[in-house]
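**Q** Would you mind keeping the following structure in view while I ask a few things?
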2 protein chains.
Amino acid sequence: MPRIVMKFGGTSMAGMERIRSVAERVKREAEAGHEVLVVVSAMAGETDRLIQLCREAAALHDAREYDVVVASGEQVTAGLLAMTLQNLGVNARSFMGWQLVQASGAHGNARIEAVEHRLLDEALQRGTVAVIPGFQGVSGDNRIATLGRGGSDTSAVALAAGVKADRCDIYTDIDGVYTTDPRIVPRARKLHQVTFEEMLELAGVGSKVLQVRSVGLAMREGMPLRVLSAFEDRPGTEIVTTLRSDMERNAIAGIAADRNEARVTLTRIADRPGTVAAVIGPLSKAGITIDMIVHAATPNRGASDLTFTLPRPSLAQAMAVIGEHRAAIGYSEMMTDQAVAKVSIVGVGIRSNPDLAARMFDTLADRNINLLAVSASEIKVSALIAEEELELAVRVLHTAFGLDAVPEPADEAAR
Amino acid sequence: MPRIVMKFGGTSMAGMERIRSVAERVKREAEAGHEVLVVVSAMAGETDRLIQLCREAAALHDAREYDVVVASGEQVTAGLLAMTLQNLGVNARSFMGWQLVQASGAHGNARIEAVEHRLLDEALQRGTVAVIPGFQGVSGDNRIATLGRGGSDTSAVALAAGVKADRCDIYTDIDGVYTTDPRIVPRARKLHQVTFEEMLELAGVGSKVLQVRSVGLAMREGMPLRVLSAFEDRPGTEIVTTLRSDMERNAIAGIAADRNEARVTLTRIADRPGTVAAVIGPLSKAGITIDMIVHAATPNRGASDLTFTLPRPSLAQAMAVIGEHRAAIGYSEMMTDQAVAKVSIVGVGIRSNPDLAARMFDTLADRNINLLAVSASEIKVSALIAEEELELAVRVLHTAFGLDAVPEPADEAAR
C-alpha cells in the first residue's frame, strides 16, 4: 500500500477551522488507500509567542530550556489534529518527538539522527494515521531538542525516509515553486518539476518555499517531494532526482534574485601563492561564508585586486577580521559595496549546454547591465550587478529563456 | 542538607513578571541551604484555553490526545522558570513528566505510581534546582498522562515523597487554612497547624485550599505540608500528622459549611433486615455516594422513614434509580428537599471529648436551628439544617468554640 508523508505548516494549522480542513484532506488520502503519516507545525504565531516569552525570561537563555518551551506549540497541534481526525471517523493517534525522533547536535538547532520507525510501521500497517509534531526530537541526554526555525520540513523528510515513504508532500501557503519571484515578474510560471539540485540553488538564492536543509536531506535520501497549496486543490511542484523525459521543460528552471550580498575588494594584493588563502582562512574561522570570488592576476604587474562577496549581515564582522589580518594579507586598500545583488540562471540544462551562459551575458549586455563579478557551477550561472538593476535583469532573463507564462485563464485566476 | 519541594499554582505563574518573583523566592530557599525541587502549574487561564481547543476539535475526544494538548501548559512554565532561575545565577534545569513520573489509570485522570528519583537525587545533590511540570507523568504505554484538574498539588506531594523531601510547601493565592469561610465569618482565623484528617474534613466539606487527593497522599506518606501565600511573606498553615503539643490550639480546628447537599426521605419503609441495603445498593452501583443516613426504627410500628443526603447534582439521577427499584425497596412516598445544608465542627479534639458534640447541639438549639439529621465521625460532627440557617449556624458555632480572631492589627491588615 503506498505510504505518504503529509506536512502542514503554521498557516494551515492556525485555529480549529483550518485544522478541520487539514483533517479532511488527510482523510481523503487515507480513504484513497494510502498509509499516512502527518507532520505538523505549531499554529501560526505560536512559536514566535513562545520565543518572546523565552526572551523575556532571560536575554541569554539555556537552549535546552528554550527547546522545552517552544516544542510545546507542535505538541498542541499534533494532539488537536489527531482528535479532529478521530472525530471524522479516521483511525489516528499522535506520537511525540521524544518517543521516536533521535536528534543530535546543539539544542535549538539539532539534527535528526534516526527515527524509531517500528512503532510507526506498526501503526501505519494497522491503518492508523500517525500525527507527529514537526521541528523536534529527543537528544542523547533524553531531553527535548528542536531543529531550528523551519525544521518541520526537515522533520517531514527525515520521517518519510525513516518509514520508507513513497513520497513526502509539503502543504504550504505557496502553491509550488515558480520560475522566479512573482513579485518581480508577474508572468512567472509554476514549475511542474524541478530537480533537487535546481531546488537547492533556487532556495539558496531566494525562493523561500522549502527549508534548504530539508531539500538537501531529500536529495541524499532520494525522497521525492511535492510542494502543494494547503488551501487549494491544484497540482503543485514535484521535486525529483531526475526530470522525467516526457516532461516538456526549459533547460533553465528559473531565475533567482538575491539581494543579500555585499562586495569586498582588496586592492594591490600580492600575486603570490597563499594570498587568497590568507584572506579566506580567517573569515572562514570566524564563521563567515564567502560566496563569489574573483582574482585575476594581471601578468607581470606583481599585484592585483581581489574581489569577493559575502552575506550582507556579515560585512561589518568581515571588515574587522580582515583589518586584524592586514599585515599577513598585505593589501593596499579595502573597499566595500552593499548596493549589489546577484542574479542567477538555474537549470540542469546548463551542464550540457555552454551556450546558456553566453546567452545570459549577451542578454544583460544588451541592456547595458554591468557585470561586477561572475561565477558558475554545474547547474547555475550567477552575475553580481548593481542592486538597482536587479529587477530589470530578472525580467529580461526570464523572457530571454522563454520562461514567461503564456496567459491561460485558469493559471491567471489561480494567482 | 534539608530538601524541600515548592509548588506554585497558576496565578503565581501568570506572566513573566510573576514567574520572576517565583524565581526570587526559589532562589532565597536555595541560598538558605536547601535542596529545592519546584513543581509548577500552567499560567492561569492556559489550561482552560487548551481544554476549549480540545472541545472544539471534538465533543468526545480521546483522553490520550487531550493529555498531549493540555500537558503543554506546564511544560512551558517549567522551561520558563528554569531559564529565569539561571538568569538569577541559580543552577537550575527542568525535567519533563515523561522523564520521571510513572502514572497509571485512565488518561486525563491518572494516578502517580512511581517517581524515577535517581535523576532528581543526582541533580539535587549537585545543588541544581529541579523544575518539574505538575499535573502529568507518563503512562504504561509511554504516552503523556495527566492527573485531572488540580493534579499539580498531587504531583508536588508525590515528588516530595519520591525524593524523600523534608517537607512540601504549596504556594497559592490563599495564604493558609482558615477556621471557616471568611466570607461567612469575617473574624475567621488562619490556623497555624491542622492535622491531615482535619484538613481532609475541612477540604471535603468546602474549604478549597488544596486538592483532597494531595492531602490524602501526604497523609499516607507522612509528608508534612505547608500552605503559603505566593504573594506575601507571612507564615501559612502547616498540615501535619500530629499537632505539636507546644502549639496552643483549640480542640476544634474549624467550622465547615457545605451547601452541596440534597435530602431524600422514603416514608413507611419496612422495618426488616436489608431495606437500607436495598436503597443504598442500587445508588452505589450508579456511582452516587450517600453522605448522611438516618434510619431510626420505631419499635412495634413495623415501618418507619429512611432519610439520607447526597450531592445535589446527583439528586435527579438518584430519584430515577430509586423509582426503578420501588418494588424491591417497598416505600410509601419519596420526598426530596434541596434547600438543606450541612454544618460541621472539625477537630482532633472530638475524639477524646464527647462534650464537644453536645456543645454544638446546644448552641444550635439556643438559636432555634432545627436539626434535620446528624452524623458523627472520629473528628467531625455534622448537622443537616435548613439552608437559610447555614450562615447563622456557622457564625454562632465559630464563636461558641472560641475560634473568633482577637483583632490584631497585623492580621487585619493582611486580609
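By convention here, the chains of the C-alpha cells are called A, B, ... in the order presented, each chain's residues are numbered starting at 1, and ligands are numbered starting at 1 in the order presented.
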When the cut-off is 7 Å and we count only C-alpha atoms, which residues of chain B are near chain A, given as a list in words?
**A**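 The complete set of qualifying residues is Met16, Cys54, Glu56, Ala57, Ala58, His61, Asp62, Glu65, Tyr66, Val68, Val69, Ser72, Gln75, Val76, Gly79, Leu80, Ala82, Met83, Thr84, Asn87 and Ser94 of chain B.
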**Q** Can you tell me which residues surround A:Ala386 at a distance of at most 8 Å, considering only C-alpha atoms, apart from same-chain residues fewer than 2 positions away, and format the answer as a PyMOL selection string?
**A** chain A and resi 339-341+370+372+384+388-390
**Q** Let me see the file: selected residues, C-alpha atoms, as a compact mmCIF listing (two decimals), in the first residue's frame.
**A**
# COMPACT_ATOMS: atom_id res chain seq x y z
CA ALA A 339 24.40 48.20 -3.23
CA VAL A 340 24.98 44.97 -5.15
CA ALA A 341 22.79 41.99 -5.93
CA ASN A 370 27.44 45.85 -15.99
CA LEU A 372 30.78 43.20 -11.31
CA LEU A 384 26.88 40.23 -9.47
CA GLU A 388 19.20 48.94 -8.72
CA GLU A 389 19.43 46.86 -11.90
CA LEU A 390 18.29 43.60 -10.30
**Q** Show me, as a PyMOL selection string, the residues that have an atom within 10 Å of stretch 120-125 of chain B when counting only C-alpha atoms, minus same-chain residues fewer than 4 positions from it.
**A** chain B and resi 1+3+34-37+91-93+95+100+115-116+129-131+159+162-164
**Q** Residues as selected, C-alpha atoms, written as a compact mmCIF listing (two decimals), in the first residue's frame, can you do that?
**A**
# COMPACT_ATOMS: atom_id res chain seq x y z
CA MET B 1 21.03 19.25 53.69
CA ARG B 3 15.38 19.01 50.93
CA HIS B 34 18.02 23.85 50.87
CA GLU B 35 17.97 21.32 48.08
CA VAL B 36 14.98 22.56 46.11
CA LEU B 37 12.58 20.81 43.76
CA ASN B 91 21.82 26.46 38.89
CA ALA B 92 18.52 25.03 37.60
CA ARG B 93 17.05 22.73 35.00
CA PHE B 95 12.63 17.76 33.91
CA LEU B 100 10.45 10.68 35.61
CA VAL B 115 8.91 8.67 40.67
CA GLU B 116 12.20 7.94 38.90
CA VAL B 129 17.20 23.28 41.43
CA ALA B 130 14.89 20.82 39.62
CA VAL B 131 11.82 22.36 37.97
CA LEU B 159 7.53 14.07 44.04
CA GLY B 162 9.68 10.22 45.83
CA VAL B 163 12.76 12.26 46.68
CA LYS B 164 12.18 11.89 50.46
**Q** Just to confirm, what's the straight-line distance from atom CA of B:Ile112 to atom CA of B:Ile132 in Å (one decimal)?
**A**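 Atom CA of B:Ile132 lies at a distance of 14.1 Å from atom CA of B:Ile112.
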**Q** When distances are computed from only C-alpha atoms, which of A:Leu397, A:Val348, A:Val185, A:Ile252 shows the smallest separation from A:Asp366?
**A**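 Selected residue with least distance to A:Asp366: A:Leu397.
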